[in-house]
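A.B. asks: I am sharing protein-v4.pdb, which consists of PDB, C-alpha atoms:
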ATOM      1  CA  MET A   1       6.038 -48.316 -95.714
ATOM      2  CA  PRO A   2       9.825 -48.053 -95.431
ATOM      3  CA  THR A   3      11.719 -51.062 -94.092
ATOM      4  CA  LYS A   4      14.205 -50.552 -91.283
ATOM      5  CA  ALA A   5      17.489 -50.195 -93.120
ATOM      6  CA  SER A   6      20.814 -51.101 -91.544
ATOM      7  CA  GLN A   7      23.495 -48.413 -91.569
ATOM      8  CA  ASN A   8      26.261 -51.022 -91.702
ATOM      9  CA  PRO A   9      27.343 -52.035 -95.240
ATOM     10  CA  ALA A  10      28.623 -55.382 -93.921
ATOM     11  CA  ASP A  11      25.004 -56.432 -93.396
ATOM     12  CA  TYR A  12      24.461 -56.327 -97.169
ATOM     13  CA  ILE A  13      27.716 -57.837 -98.454
ATOM     14  CA  VAL A  14      27.746 -61.410 -99.740
ATOM     15  CA  PRO A  15      30.330 -63.550-101.551
ATOM     16  CA  LEU A  16      30.520 -63.323-105.351
ATOM     17  CA  ASN A  17      32.003 -65.999-107.586
ATOM     18  CA  MET A  18      32.121 -65.171-111.283
ATOM     19  CA  ASN A  19      34.019 -67.213-113.860
ATOM     20  CA  GLY A  20      36.265 -68.686-111.186
ATOM     21  CA  LEU A  21      37.068 -65.307-109.617
ATOM     22  CA  GLU A  22      36.107 -64.722-105.991
ATOM     23  CA  GLY A  23      35.005 -61.337-104.725
ATOM     24  CA  ARG A  24      32.078 -59.705-102.978
ATOM     25  CA  MET A  25      28.771 -58.100-103.851
ATOM     26  CA  LEU A  26      26.681 -55.558-101.991
ATOM     27  CA  ARG A  27      22.938 -56.129-102.275
ATOM     28  CA  ALA A  28      20.805 -53.526-100.450
ATOM     29  CA  PRO A  29      16.983 -53.634-100.791
ATOM     30  CA  ALA A  30      14.957 -50.500-101.441
ATOM     31  CA  ILE A  31      13.768 -48.714 -98.314
ATOM     32  CA  LYS A  32      10.138 -48.807 -99.459
ATOM     33  CA  LYS A  33       8.649 -52.224-100.172
ATOM     34  CA  LYS A  34       6.853 -50.919-103.256
ATOM     35  CA  ASP A  35      10.260 -50.070-104.809
ATOM     36  CA  GLN A  36      12.044 -53.345-104.061
ATOM     37  CA  GLN A  37      11.380 -54.761-107.540
ATOM     38  CA  LYS A  38      13.121 -51.769-109.136
ATOM     39  CA  GLU A  39      16.696 -52.828-109.806
ATOM     40  CA  LEU A  40      19.646 -50.413-109.707
ATOM     41  CA  LEU A  41      23.080 -51.717-110.702
ATOM     42  CA  LEU A  42      25.932 -49.475-109.523
ATOM     43  CA  ILE A  43      29.321 -50.028-111.179
ATOM     44  CA  TYR A  44      32.051 -48.409-109.134
ATOM     45  CA  GLY A  45      35.024 -46.635-110.646
ATOM     46  CA  HIS A  46      38.777 -46.915-110.401
ATOM     47  CA  HIS A  47      40.508 -47.224-107.023
ATOM     48  CA  ALA A  48      37.401 -48.451-105.236
ATOM     49  CA  MET A  49      35.798 -51.016-102.994
ATOM     50  CA  LEU A  50      32.231 -51.684-101.880
ATOM     51  CA  GLU A  51      32.543 -49.782 -98.615
ATOM     52  CA  ARG A  52      33.791 -46.680-100.412
ATOM     53  CA  TRP A  53      30.459 -46.336-102.290
ATOM     54  CA  TRP A  54      28.107 -47.449 -99.527
ATOM     55  CA  SER A  55      27.064 -43.833 -98.894
ATOM     56  CA  LEU A  56      25.872 -43.460-102.510
ATOM     57  CA  ALA A  57      24.084 -46.799-102.290
ATOM     58  CA  GLN A  58      22.191 -45.469 -99.266
ATOM     59  CA  ASN A  59      20.889 -42.606-101.413
ATOM     60  CA  LEU A  60      19.897 -44.993-104.184
ATOM     61  CA  GLN A  61      17.946 -47.199-101.766
ATOM     62  CA  GLU A  62      15.326 -44.444-101.801
ATOM     63  CA  TYR A  63      14.501 -45.423-105.421
ATOM     64  CA  GLY A  64      15.120 -49.149-105.745
ATOM     65  CA  SER A  65      17.146 -52.179-104.706
ATOM     66  CA  VAL A  66      20.867 -51.580-105.170
ATOM     67  CA  THR A  67      23.480 -54.076-106.303
ATOM     68  CA  ILE A  68      27.213 -53.320-106.454
ATOM     69  CA  PRO A  69      29.446 -56.147-107.686
ATOM     70  CA  ASP A  70      33.174 -56.159-107.244
ATOM     71  CA  LEU A  71      35.219 -55.837-110.417
ATOM     72  CA  PRO A  72      38.111 -58.289-110.922
ATOM     73  CA  GLY A  73      41.271 -56.901-109.369
ATOM     74  CA  PHE A  74      39.410 -54.241-107.383
ATOM     75  CA  GLY A  75      37.942 -54.208-103.884
ATOM     76  CA  GLY A  76      39.857 -57.328-102.927
ATOM     77  CA  MET A  77      38.422 -59.490-105.728
ATOM     78  CA  ASP A  78      40.722 -61.879-107.583
ATOM     79  CA  SER A  79      42.262 -60.297-110.652
ATOM     80  CA  PHE A  80      41.919 -61.482-114.232
ATOM     81  CA  TYR A  81      45.555 -62.558-114.011
ATOM     82  CA  LYS A  82      44.411 -65.484-111.834
ATOM     83  CA  ILE A  83      42.674 -66.989-114.875
ATOM     84  CA  LYS A  84      45.507 -65.942-117.208
ATOM     85  CA  GLN A  85      43.560 -63.076-118.747
ATOM     86  CA  ARG A  86      44.654 -59.473-119.140
ATOM     87  CA  PRO A  87      42.493 -56.863-117.356
ATOM     88  CA  THR A  88      41.469 -55.016-120.506
ATOM     89  CA  ILE A  89      38.338 -52.911-120.833
ATOM     90  CA  ASP A  90      36.930 -55.538-123.191
ATOM     91  CA  ALA A  91      37.478 -58.171-120.490
ATOM     92  CA  TYR A  92      35.587 -56.031-117.977
ATOM     93  CA  ALA A  93      32.789 -55.499-120.512
ATOM     94  CA  ASP A  94      32.461 -59.270-120.969
ATOM     95  CA  TYR A  95      32.479 -59.795-117.192
ATOM     96  CA  LEU A  96      29.751 -57.191-116.680
ATOM     97  CA  ALA A  97      27.622 -58.659-119.458
ATOM     98  CA  ALA A  98      27.890 -62.105-117.856
ATOM     99  CA  PHE A  99      26.913 -60.656-114.489
ATOM    100  CA  ILE A 100      23.838 -58.898-115.928
ATOM    101  CA  LYS A 101      22.698 -61.982-117.831
ATOM    102  CA  LEU A 102      22.989 -64.067-114.682
ATOM    103  CA  ARG A 103      21.651 -61.592-112.141
ATOM    104  CA  TYR A 104      18.873 -59.981-114.182
ATOM    105  CA  ARG A 105      17.856 -62.876-116.403
ATOM    106  CA  HIS A 106      14.142 -62.047-116.301
ATOM    107  CA  LYS A 107      14.339 -58.445-115.093
ATOM    108  CA  LYS A 108      15.087 -54.991-116.341
ATOM    109  CA  VAL A 109      17.695 -52.851-114.639
ATOM    110  CA  SER A 110      18.931 -49.273-114.408
ATOM    111  CA  ILE A 111      22.718 -48.986-114.700
ATOM    112  CA  LEU A 112      24.745 -46.278-112.966
ATOM    113  CA  GLY A 113      28.437 -46.253-113.849
ATOM    114  CA  ILE A 114      30.860 -44.135-111.830
ATOM    115  CA  SER A 115      33.750 -42.696-113.887
ATOM    116  CA  PHE A 116      35.724 -45.760-115.091
ATOM    117  CA  GLY A 117      32.659 -47.876-114.267
ATOM    118  CA  PHE A 118      30.763 -45.984-116.950
ATOM    119  CA  VAL A 119      33.547 -46.699-119.460
ATOM    120  CA  VAL A 120      33.041 -50.416-118.753
ATOM    121  CA  ALA A 121      29.238 -50.147-118.990
ATOM    122  CA  THR A 122      29.489 -48.321-122.328
ATOM    123  CA  ARG A 123      31.878 -50.882-123.800
ATOM    124  CA  MET A 124      29.585 -53.675-122.580
ATOM    125  CA  LEU A 125      26.584 -52.147-124.384
ATOM    126  CA  GLN A 126      28.685 -51.755-127.528
ATOM    127  CA  ARG A 127      29.811 -55.386-127.432
ATOM    128  CA  TYR A 128      26.390 -56.716-126.396
ATOM    129  CA  PRO A 129      23.835 -54.360-127.990
ATOM    130  CA  GLU A 130      20.993 -56.797-127.202
ATOM    131  CA  LEU A 131      21.399 -55.939-123.502
ATOM    132  CA  ALA A 132      20.232 -52.366-124.169
ATOM    133  CA  LYS A 133      16.682 -53.768-124.157
ATOM    134  CA  LYS A 134      17.104 -54.652-120.485
ATOM    135  CA  VAL A 135      18.210 -51.144-119.470
ATOM    136  CA  VAL A 136      15.589 -48.785-118.046
ATOM    137  CA  LEU A 137      17.955 -45.883-117.332
ATOM    138  CA  LEU A 138      21.629 -45.494-118.194
ATOM    139  CA  VAL A 139      23.369 -43.051-115.871
ATOM    140  CA  SER A 140      26.897 -41.723-116.172
ATOM    141  CA  VAL A 141      28.140 -40.524-112.798
ATOM    142  CA  VAL A 142      31.110 -38.313-113.797
ATOM    143  CA  GLY A 143      31.789 -40.797-116.588
ATOM    144  CA  PHE A 144      33.905 -40.244-119.689
ATOM    145  CA  MET A 145      34.231 -41.540-123.238
ATOM    146  CA  HIS A 146      37.473 -40.579-124.948
ATOM    147  CA  ARG A 147      41.114 -39.774-124.244
ATOM    148  CA  ASP A 148      40.504 -36.173-125.323
ATOM    149  CA  ASP A 149      38.017 -35.767-122.448
ATOM    150  CA  PHE A 150      40.948 -35.412-120.039
ATOM    151  CA  VAL A 151      42.057 -31.920-119.093
ATOM    152  CA  TYR A 152      45.687 -32.978-119.515
ATOM    153  CA  ALA A 153      47.633 -31.679-122.502
ATOM    154  CA  PRO A 154      48.088 -34.436-125.138
ATOM    155  CA  ARG A 155      51.797 -34.741-124.423
ATOM    156  CA  GLN A 156      51.186 -35.047-120.673
ATOM    157  CA  ARG A 157      48.445 -37.636-121.187
ATOM    158  CA  ARG A 158      50.686 -39.710-123.466
ATOM    159  CA  LEU A 159      53.456 -39.561-120.859
ATOM    160  CA  TYR A 160      51.055 -40.847-118.193
ATOM    161  CA  HIS A 161      49.840 -43.534-120.608
ATOM    162  CA  TYR A 162      53.310 -44.950-121.207
ATOM    163  CA  ALA A 163      54.442 -44.528-117.591
ATOM    164  CA  THR A 164      51.479 -46.523-116.314
ATOM    165  CA  ARG A 165      52.307 -49.261-118.830
ATOM    166  CA  VAL A 166      55.688 -49.582-117.142
ATOM    167  CA  PHE A 167      54.076 -49.565-113.667
ATOM    168  CA  ALA A 168      51.845 -52.455-114.807
ATOM    169  CA  THR A 169      54.782 -54.779-115.483
ATOM    170  CA  ARG A 170      55.215 -57.527-112.893
ATOM    171  CA  PRO A 171      58.573 -56.317-111.417
ATOM    172  CA  MET A 172      57.380 -52.723-111.044
ATOM    173  CA  ALA A 173      54.023 -53.815-109.631
ATOM    174  CA  ILE A 174      55.734 -55.923-106.968
ATOM    175  CA  PHE A 175      58.018 -53.036-106.058
ATOM    176  CA  ILE A 176      55.112 -50.577-105.859
ATOM    177  CA  ARG A 177      52.994 -52.943-103.771
ATOM    178  CA  TYR A 178      55.603 -53.574-101.099
ATOM    179  CA  ALA A 179      57.662 -50.373-101.204
ATOM    180  CA  GLY A 180      55.095 -47.762-102.153
ATOM    181  CA  LEU A 181      51.720 -48.719-100.761
ATOM    182  CA  ASN A 182      52.388 -48.028 -97.115
ATOM    183  CA  ARG A 183      50.989 -45.264 -94.983
ATOM    184  CA  TRP A 184      54.114 -43.109 -94.901
ATOM    185  CA  THR A 185      54.606 -43.104 -98.697
ATOM    186  CA  LEU A 186      50.940 -42.567 -99.503
ATOM    187  CA  ARG A 187      50.616 -39.809 -96.921
ATOM    188  CA  THR A 188      53.611 -38.015 -98.419
ATOM    189  CA  LEU A 189      52.209 -38.282-101.953
ATOM    190  CA  TYR A 190      48.764 -37.066-100.934
ATOM    191  CA  VAL A 191      50.272 -33.984 -99.348
ATOM    192  CA  GLN A 192      52.451 -33.160-102.371
ATOM    193  CA  LEU A 193      50.655 -34.183-105.597
ATOM    194  CA  PRO A 194      48.264 -31.522-107.019
ATOM    195  CA  ASN A 195      45.324 -33.830-107.784
ATOM    196  CA  SER A 196      45.590 -35.502-104.395
ATOM    197  CA  LYS A 197      45.791 -32.160-102.607
ATOM    198  CA  ARG A 198      42.643 -31.032-104.419
ATOM    199  CA  ARG A 199      40.769 -34.050-103.074
ATOM    200  CA  MET A 200      41.639 -32.891 -99.568
ATOM    201  CA  ILE A 201      39.962 -29.472 -99.931
ATOM    202  CA  GLU A 202      38.579 -28.245 -96.601
ATOM    203  CA  VAL A 203      39.562 -31.465 -94.810
ATOM    204  CA  SER A 204      40.341 -31.201 -91.100
ATOM    205  CA  PRO A 205      43.536 -32.809 -89.726
ATOM    206  CA  GLU A 206      41.459 -35.524 -88.056
ATOM    207  CA  GLU A 207      39.569 -36.273 -91.266
ATOM    208  CA  PHE A 208      42.832 -36.299 -93.221
ATOM    209  CA  GLU A 209      44.230 -39.028 -90.960
ATOM    210  CA  ALA A 210      41.026 -41.081 -91.243
ATOM    211  CA  THR A 211      41.095 -40.591 -95.020
ATOM    212  CA  MET A 212      44.656 -41.860 -95.207
ATOM    213  CA  ASP A 213      43.734 -44.968 -93.214
ATOM    214  CA  PHE A 214      40.984 -45.721 -95.732
ATOM    215  CA  GLU A 215      43.200 -44.856 -98.718
ATOM    216  CA  VAL A 216      45.824 -47.352 -97.565
ATOM    217  CA  LYS A 217      43.100 -50.001 -97.199
ATOM    218  CA  ILE A 218      41.825 -49.401-100.739
ATOM    219  CA  TRP A 219      45.276 -49.243-102.345
ATOM    220  CA  GLN A 220      46.310 -52.494-100.687
ATOM    221  CA  ALA A 221      43.035 -54.242-101.570
ATOM    222  CA  ASN A 222      43.371 -53.476-105.281
ATOM    223  CA  ASP A 223      45.667 -55.473-107.550
ATOM    224  CA  VAL A 224      48.564 -53.208-108.536
ATOM    225  CA  ARG A 225      49.053 -54.544-112.078
ATOM    226  CA  THR A 226      45.327 -54.240-112.728
ATOM    227  CA  HIS A 227      45.252 -50.684-111.411
ATOM    228  CA  TRP A 228      48.007 -49.457-113.686
ATOM    229  CA  LEU A 229      47.077 -51.400-116.822
ATOM    230  CA  THR A 230      43.476 -50.145-116.667
ATOM    231  CA  THR A 231      44.807 -46.633-116.049
ATOM    232  CA  SER A 232      46.955 -46.924-119.164
ATOM    233  CA  GLU A 233      43.959 -48.184-121.172
ATOM    234  CA  PHE A 234      41.554 -45.444-120.184
ATOM    235  CA  LEU A 235      44.166 -42.742-120.762
ATOM    236  CA  ASN A 236      44.056 -43.870-124.387
ATOM    237  CA  ILE A 237      40.337 -44.729-124.555
ATOM    238  CA  ASP A 238      38.043 -44.186-127.520
ATOM    239  CA  ASN A 239      34.521 -45.397-126.736
ATOM    240  CA  CYS A 240      33.016 -43.525-129.685
ATOM    241  CA  GLN A 241      33.458 -46.218-132.313
ATOM    242  CA  SER A 242      30.039 -47.883-131.916
ATOM    243  CA  LYS A 243      26.580 -46.450-131.327
ATOM    244  CA  VAL A 244      24.449 -47.270-128.281
ATOM    245  CA  ASP A 245      20.687 -46.988-128.724
ATOM    246  CA  LEU A 246      20.021 -45.458-125.317
ATOM    247  CA  THR A 247      19.759 -41.985-123.822
ATOM    248  CA  VAL A 248      22.515 -41.294-121.324
ATOM    249  CA  LEU A 249      21.792 -39.274-118.192
ATOM    250  CA  HIS A 250      25.144 -37.692-117.388
ATOM    251  CA  VAL A 251      26.091 -36.262-113.997
ATOM    252  CA  ALA A 252      28.944 -33.784-114.472
ATOM    253  CA  SER A 253      30.945 -32.443-111.553
ATOM    254  CA  GLN A 254      30.982 -28.641-111.683
ATOM    255  CA  GLU A 255      34.669 -28.591-110.669
ATOM    256  CA  ASP A 256      35.945 -31.825-112.186
ATOM    257  CA  HIS A 257      39.733 -31.836-112.086
ATOM    258  CA  TYR A 258      40.060 -34.707-114.576
ATOM    259  CA  PHE A 259      37.631 -34.020-117.421
ATOM    260  CA  ASN A 260      36.426 -31.226-119.677
ATOM    261  CA  ASN A 261      32.644 -31.492-119.339
ATOM    262  CA  GLU A 262      31.902 -29.918-122.728
ATOM    263  CA  ILE A 263      34.147 -32.347-124.587
ATOM    264  CA  VAL A 264      32.623 -35.259-122.650
ATOM    265  CA  LYS A 265      29.213 -34.050-123.856
ATOM    266  CA  GLN A 266      30.364 -33.956-127.489
ATOM    267  CA  HIS A 267      31.624 -37.540-127.313
ATOM    268  CA  MET A 268      28.474 -38.786-125.597
ATOM    269  CA  LEU A 269      26.359 -37.185-128.319
ATOM    270  CA  VAL A 270      28.399 -39.121-130.896
ATOM    271  CA  THR A 271      27.743 -42.459-129.203
ATOM    272  CA  PHE A 272      24.314 -42.348-127.547
ATOM    273  CA  SER A 273      20.914 -41.727-129.103
ATOM    274  CA  GLY A 274      20.115 -39.067-126.489
ATOM    275  CA  TYR A 275      21.862 -37.010-123.807
ATOM    276  CA  ASN A 276      20.734 -35.170-120.663
ATOM    277  CA  ARG A 277      23.147 -33.483-118.267
ATOM    278  CA  TYR A 278      22.805 -32.803-114.561
ATOM    279  CA  VAL A 279      25.388 -30.823-112.597
ATOM    280  CA  ALA A 280      26.754 -32.078-109.282
ATOM    281  CA  ARG A 281      27.809 -29.279-106.951
ATOM    282  CA  SER A 282      31.059 -31.027-106.131
ATOM    283  CA  LYS A 283      34.450 -29.446-105.533
ATOM    284  CA  ALA A 284      36.283 -32.399-107.087
ATOM    285  CA  HIS A 285      35.691 -35.315-109.457
ATOM    286  CA  THR A 286      33.901 -37.218-106.678
ATOM    287  CA  PRO A 287      33.239 -36.527-102.993
ATOM    288  CA  SER A 288      35.651 -37.656-100.291
ATOM    289  CA  ILE A 289      36.045 -41.381 -99.766
ATOM    290  CA  LEU A 290      34.708 -40.721 -96.236
ATOM    291  CA  ALA A 291      31.578 -38.982 -97.550
ATOM    292  CA  ASP A 292      28.439 -39.835 -95.601
ATOM    293  CA  LYS A 293      25.017 -40.268 -97.197
ATOM    294  CA  LYS A 294      24.364 -36.517 -97.360
ATOM    295  CA  ALA A 295      27.768 -35.665 -98.846
ATOM    296  CA  ALA A 296      27.587 -38.483-101.422
ATOM    297  CA  GLY A 297      24.075 -37.345-102.373
ATOM    298  CA  VAL A 298      25.608 -34.481-104.367
ATOM    299  CA  LEU A 299      26.139 -37.034-107.154
ATOM    300  CA  LEU A 300      22.371 -37.380-107.534
ATOM    301  CA  PRO A 301      21.188 -33.881-108.525
ATOM    302  CA  THR A 302      17.501 -32.986-108.244
ATOM    303  CA  GLY A 303      16.657 -33.635-111.897
ATOM    304  CA  LEU A 304      18.188 -37.109-111.802
ATOM    305  CA  ARG A 305      16.395 -37.893-108.543
ATOM    306  CA  ARG A 306      13.112 -37.078-110.287
ATOM    307  CA  ARG A 307      13.956 -39.578-113.035
ATOM    308  CA  LEU A 308      14.855 -42.238-110.483
ATOM    309  CA  ARG A 309      11.686 -41.579-108.511
ATOM    310  CA  ALA A 310       9.615 -42.084-111.666
ATOM    311  CA  LEU A 311      11.021 -45.563-112.364
TER     312      LEU A 311
END
Represent the structure from my file as structure tokens, please.
C.D. replies:
Amino acid sequence: MPTKASQNPADYIVPLNMNGLEGRMLRAPAIKKKDQQKELLLIYGHHAMLERWWSLAQNLQEYGSVTIPDLPGFGGMDSFYKIKQRPTIDAYADYLAAFIKLRYRHKKVSILGISFGFVVATRMLQRYPELAKKVVLLVSVVGFMHRDDFVYAPRQRRLYHYATRVFATRPMAIFIRYAGLNRWTLRTLYVQLPNSKRRMIEVSPEEFEATMDFEVKIWQANDVRTHWLTTSEFLNIDNCQSKVDLTVLHVASQEDHYFNNEIVKQHMLVTFSGYNRYVARSKAHTPSILADKKAAGVLLPTGLRRRLRAL
């Protein structure tokens, strides 16, 4: 029988201390008692916090117990800079491996990586191939593999890559944090920039204002240097150098404004031993940050839900 599940994410959030870095972790049990031993690890993407992905976690509770750990420098967690380490993708891979070894020492787990989160999960499995034996399902939720996956022209992507390197320097990061990450500036950018405007498709004025309130909260919670250095890294990513002996279940957004889904497929076929694709009927890379359970459920297409149900 289903347990009575709280609708408030705060009821499931606990402190997380990993390698001297303090953050938070969301731990939500499966709705049905018979599924509570099935472990689902959700790795959020760039520009995120636990509350932003609570609506997807609610969907996943139908299939198992859901854990979402903060990533260093995101969601309000201490950044790698606190321990004098650069926030590279390799550093995130090592962090995730440590978390899995600690949290799932005697258990198997299904991993779902959202966008950048899938980049980290892939690199972790490449650096720690022995952990593949613990993975029941590996799910890419609008994930990517290689710099050529981006829809940007090579010259444009390289420009973004070098610009974000500059933004990640300490002086620029301080300037951006205190001069740029306020409601007026962010609101202006979201109205003007093409990618931001696309994310606001069919949004009412009231929802736009609520979205901006949440956007400001997320931007200010995330470490600025970490945000831009990781952006620079994934704009130049190549996660096709080592094989991973797992089948990837890839959820592709039908109208992804960041990635070419066919090129993503080609790179996943290079790296993973198997590939299955499911199409999310989404009008952008991911649903709105205010998406409720129903709206976020688009990221779990019917075919993938069948696989999760069969765990």
A.B. asks: Could you state which residues are captured by the PyMOL selection byres ((chain A and resi 140) around 9) in this file, as a PyMOL selection string?
C.D. replies: chain A and resi 111-115+117-119+138-139+141-144+248-252
A.B. asks: Counting all atoms listed in the file, which residue out of A:Arg225, A:Arg155, A:Lys108, A:His285 sits closest to Phe74 of chain A?
C.D. replies: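 Looking only at the distances to Phe74 of chain A, the closest residue turns out to be A:Arg225.
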A.B. asks: For each of A:Lys217, A:Arg277, A:Arg147, A:Arg309, take the minimum atom-to-atom distance to Asn236 of chain A, counting only C-alpha atoms, then give the residue where this is smallest.
C.D. replies: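 The answer is A:Arg147, which sits nearest to Asn236 of chain A.
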A.B. asks: Could you work out how far atom CA of Trp54 of chain A lies from atom CA of Asp70 of chain A, giving the answer in Å with one decimal?
C.D. replies: 12.7 Å
A.B. asks: Can you check which parts of segment 183-287 of chain A lie within 9 Å of segment 38-46 of chain A? Per residue, the shortest pair of atoms and distance in Å to one decimal, counting all atoms listed in the file, sorted by chain and number, as a tab-separated table.
C.D. replies:
residue	atom	partner	partner_atom	distance
A:His227	CA	A:His46	CA	7.6
A:Thr230	CA	A:His46	CA	8.5
A:Thr231	CA	A:His46	CA	8.3
A.B. asks: Evaluate the PyMOL selection byres ((chain A and resi 120-128) around 7) on the structure here and hand back the selected residues as an mmCIF file with C-alpha atoms, keeping the file's coordinate frame.
C.D. replies:
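Result went into result-v9.cif, see below:
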data_model
loop_
_atom_site.group_PDB
_atom_site.id
_atom_site.type_symbol
_atom_site.label_atom_id
_atom_site.label_comp_id
_atom_site.auth_asym_id
_atom_site.auth_seq_id
_atom_site.Cartn_x
_atom_site.Cartn_y
_atom_site.Cartn_z
ATOM 1 C CA ILE A 89 38.338 -52.911 -120.833
ATOM 2 C CA ASP A 90 36.930 -55.538 -123.191
ATOM 3 C CA TYR A 92 35.587 -56.031 -117.977
ATOM 4 C CA ALA A 93 32.789 -55.499 -120.512
ATOM 5 C CA ASP A 94 32.461 -59.270 -120.969
ATOM 6 C CA LEU A 96 29.751 -57.191 -116.680
ATOM 7 C CA ALA A 97 27.622 -58.659 -119.458
ATOM 8 C CA GLY A 113 28.437 -46.253 -113.849
ATOM 9 C CA PHE A 116 35.724 -45.760 -115.091
ATOM 10 C CA GLY A 117 32.659 -47.876 -114.267
ATOM 11 C CA PHE A 118 30.763 -45.984 -116.950
ATOM 12 C CA VAL A 119 33.547 -46.699 -119.460
ATOM 13 C CA PRO A 129 23.835 -54.360 -127.990
ATOM 14 C CA GLU A 130 20.993 -56.797 -127.202
ATOM 15 C CA LEU A 131 21.399 -55.939 -123.502
ATOM 16 C CA ALA A 132 20.232 -52.366 -124.169
ATOM 17 C CA ASN A 239 34.521 -45.397 -126.736
ATOM 18 C CA SER A 242 30.039 -47.883 -131.916
ATOM 19 C CA LYS A 243 26.580 -46.450 -131.327
ATOM 20 C CA VAL A 244 24.449 -47.270 -128.281
#
A.B. asks: Name the residues that the PyMOL selection byres ((chain A and resi 56) around 9) picks from the file above, as JSON, numbers by chain, using the file's chain letters and numbers.
C.D. replies: {"A": [52, 53, 54, 55, 57, 58, 59, 60, 61, 291, 292, 293, 294, 295, 296, 297, 299, 300]}
A.B. asks: Generate a file of the selected residues that holds C-alpha atoms, formatted as a compact mmCIF listing (two decimals), keeping the file's coordinate frame.
C.D. replies:
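selection-v1.txt written:
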# COMPACT_ATOMS: atom_id res chain seq x y z
CA ARG A 52 33.79 -46.68 -100.41
CA TRP A 53 30.46 -46.34 -102.29
CA TRP A 54 28.11 -47.45 -99.53
CA SER A 55 27.06 -43.83 -98.89
CA ALA A 57 24.08 -46.80 -102.29
CA GLN A 58 22.19 -45.47 -99.27
CA ASN A 59 20.89 -42.61 -101.41
CA LEU A 60 19.90 -44.99 -104.18
CA GLN A 61 17.95 -47.20 -101.77
CA ALA A 291 31.58 -38.98 -97.55
CA ASP A 292 28.44 -39.84 -95.60
CA LYS A 293 25.02 -40.27 -97.20
CA LYS A 294 24.36 -36.52 -97.36
CA ALA A 295 27.77 -35.66 -98.85
CA ALA A 296 27.59 -38.48 -101.42
CA GLY A 297 24.08 -37.34 -102.37
CA LEU A 299 26.14 -37.03 -107.15
CA LEU A 300 22.37 -37.38 -107.53
A.B. asks: What does the distance from atom CA of Ile31 of chain A to atom CA of Val109 of chain A come to in Å, to one decimal?
C.D. replies: 17.3 Å
A.B. asks: Applying 12 Å and all atoms listed in the file, which residues near Arg86 of chain A remain after dropping the ones on its own chain fewer than 3 positions away? List them as an NGL selection string.
C.D. replies: :A and (72-73 or 79-83 or 89-92 or 168-169 or 225-230 or 233)
A.B. asks: Which centre and edge lengths in Å to one decimal define the box along x, y and z that fits every listed atom of segment 125-135 of chain A plus 5 Å per side, as JSON?
C.D. replies:
{"center_x": 23.2, "center_y": -54.0, "center_z": -123.7, "size_x": 23.1, "size_y": 15.7, "size_z": 18.5}
A.B. asks: Please tell me which residues are no farther than 12 Å from (16.5, -53.0, -91.9) in the file, counting all atoms listed in the file, and write them as a list in words.
C.D. replies: Pro2, Thr3, Lys4, Ala5, Ser6, Gln7, Asn8, Pro9, Asp11, Tyr12, Ala28, Pro29, Ala30, Ile31, Lys32, Lys33, Gln58 and Gln61 of chain A
A.B. asks: Could you work out how far atom CA of Leu189 of chain A lies from atom CA of Ala173 of chain A, giving the answer in Å with one decimal?
C.D. replies: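 One can read the atom CA of Ala173 of chain A to atom CA of Leu189 of chain A distance as 17.4 Å.
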A.B. asks: Using only C-alpha atoms, can you tell me which of A:Ser65, A:Arg177, A:Leu102, A:Tyr278 comes closest to Met18 of chain A?
C.D. replies: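 Among A:Ser65, A:Arg177, A:Leu102, A:Tyr278, it is A:Leu102 that comes nearest to Met18 of chain A.
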A.B. asks: Please report, as a tab-separated table, each residue of segment 111-158 of chain A lying at most 9 Å from segment 254-275 of chain A, together with the nearest pair of atoms and the separation in Å rounded to one decimal; use only C-alpha atoms, and order rows by chain and ascending residue number.
C.D. replies:
residue	atom	partner	partner_atom	distance
A:Val142	CA	A:Asp256	CA	8.3
A:Gly143	CA	A:Val264	CA	8.3
A:Phe144	CA	A:Val264	CA	5.9
A:Met145	CA	A:His267	CA	6.3
A:His146	CA	A:His267	CA	7.0
A:Asp148	CA	A:Ile263	CA	7.5
A:Asp149	CA	A:Phe259	CA	5.3
A:Phe150	CA	A:Phe259	CA	4.4
A:Val151	CA	A:Phe259	CA	5.2
A:Tyr152	CA	A:Tyr258	CA	7.7
A.B. asks: So that I can check the surroundings of Arg187 of chain A, please list as JSON, numbers by chain every protein, DNA and RNA residue that reaches within 9 Å of it, counting all atoms listed in the file and ignoring chain neighbours fewer than 5 positions away.
C.D. replies: {"A": [182, 192, 209, 212, 216]}
A.B. asks: May I have the selected residues written with C-alpha atoms, as a PDB file, in the frame of the given file?
C.D. replies:
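To be explicit, this is the file written out as result38.pdb:
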ATOM      1  CA  ASN A 182      52.388 -48.028 -97.115  1.00  0.00           C
ATOM      2  CA  GLN A 192      52.451 -33.160-102.371  1.00  0.00           C
ATOM      3  CA  GLU A 209      44.230 -39.028 -90.960  1.00  0.00           C
ATOM      4  CA  MET A 212      44.656 -41.860 -95.207  1.00  0.00           C
ATOM      5  CA  VAL A 216      45.824 -47.352 -97.565  1.00  0.00           C
TER       6      VAL A 216
END
A.B. asks: Which residue, A:Thr302, A:Asn17, A:Gln241, A:Thr164, has the smallest gap to Tyr95 of chain A when you use only C-alpha atoms?
C.D. replies: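 The answer is A:Asn17, which sits nearest to Tyr95 of chain A.
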A.B. asks: Rank nothing, just name the residue among A:Leu26, A:His47, A:Gln36, A:Gly64 nearest to Thr286 of chain A, using only C-alpha atoms.
C.D. replies: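 Of A:Leu26, A:His47, A:Gln36, A:Gly64, the one nearest Thr286 of chain A is A:His47, counting only C-alpha atoms.
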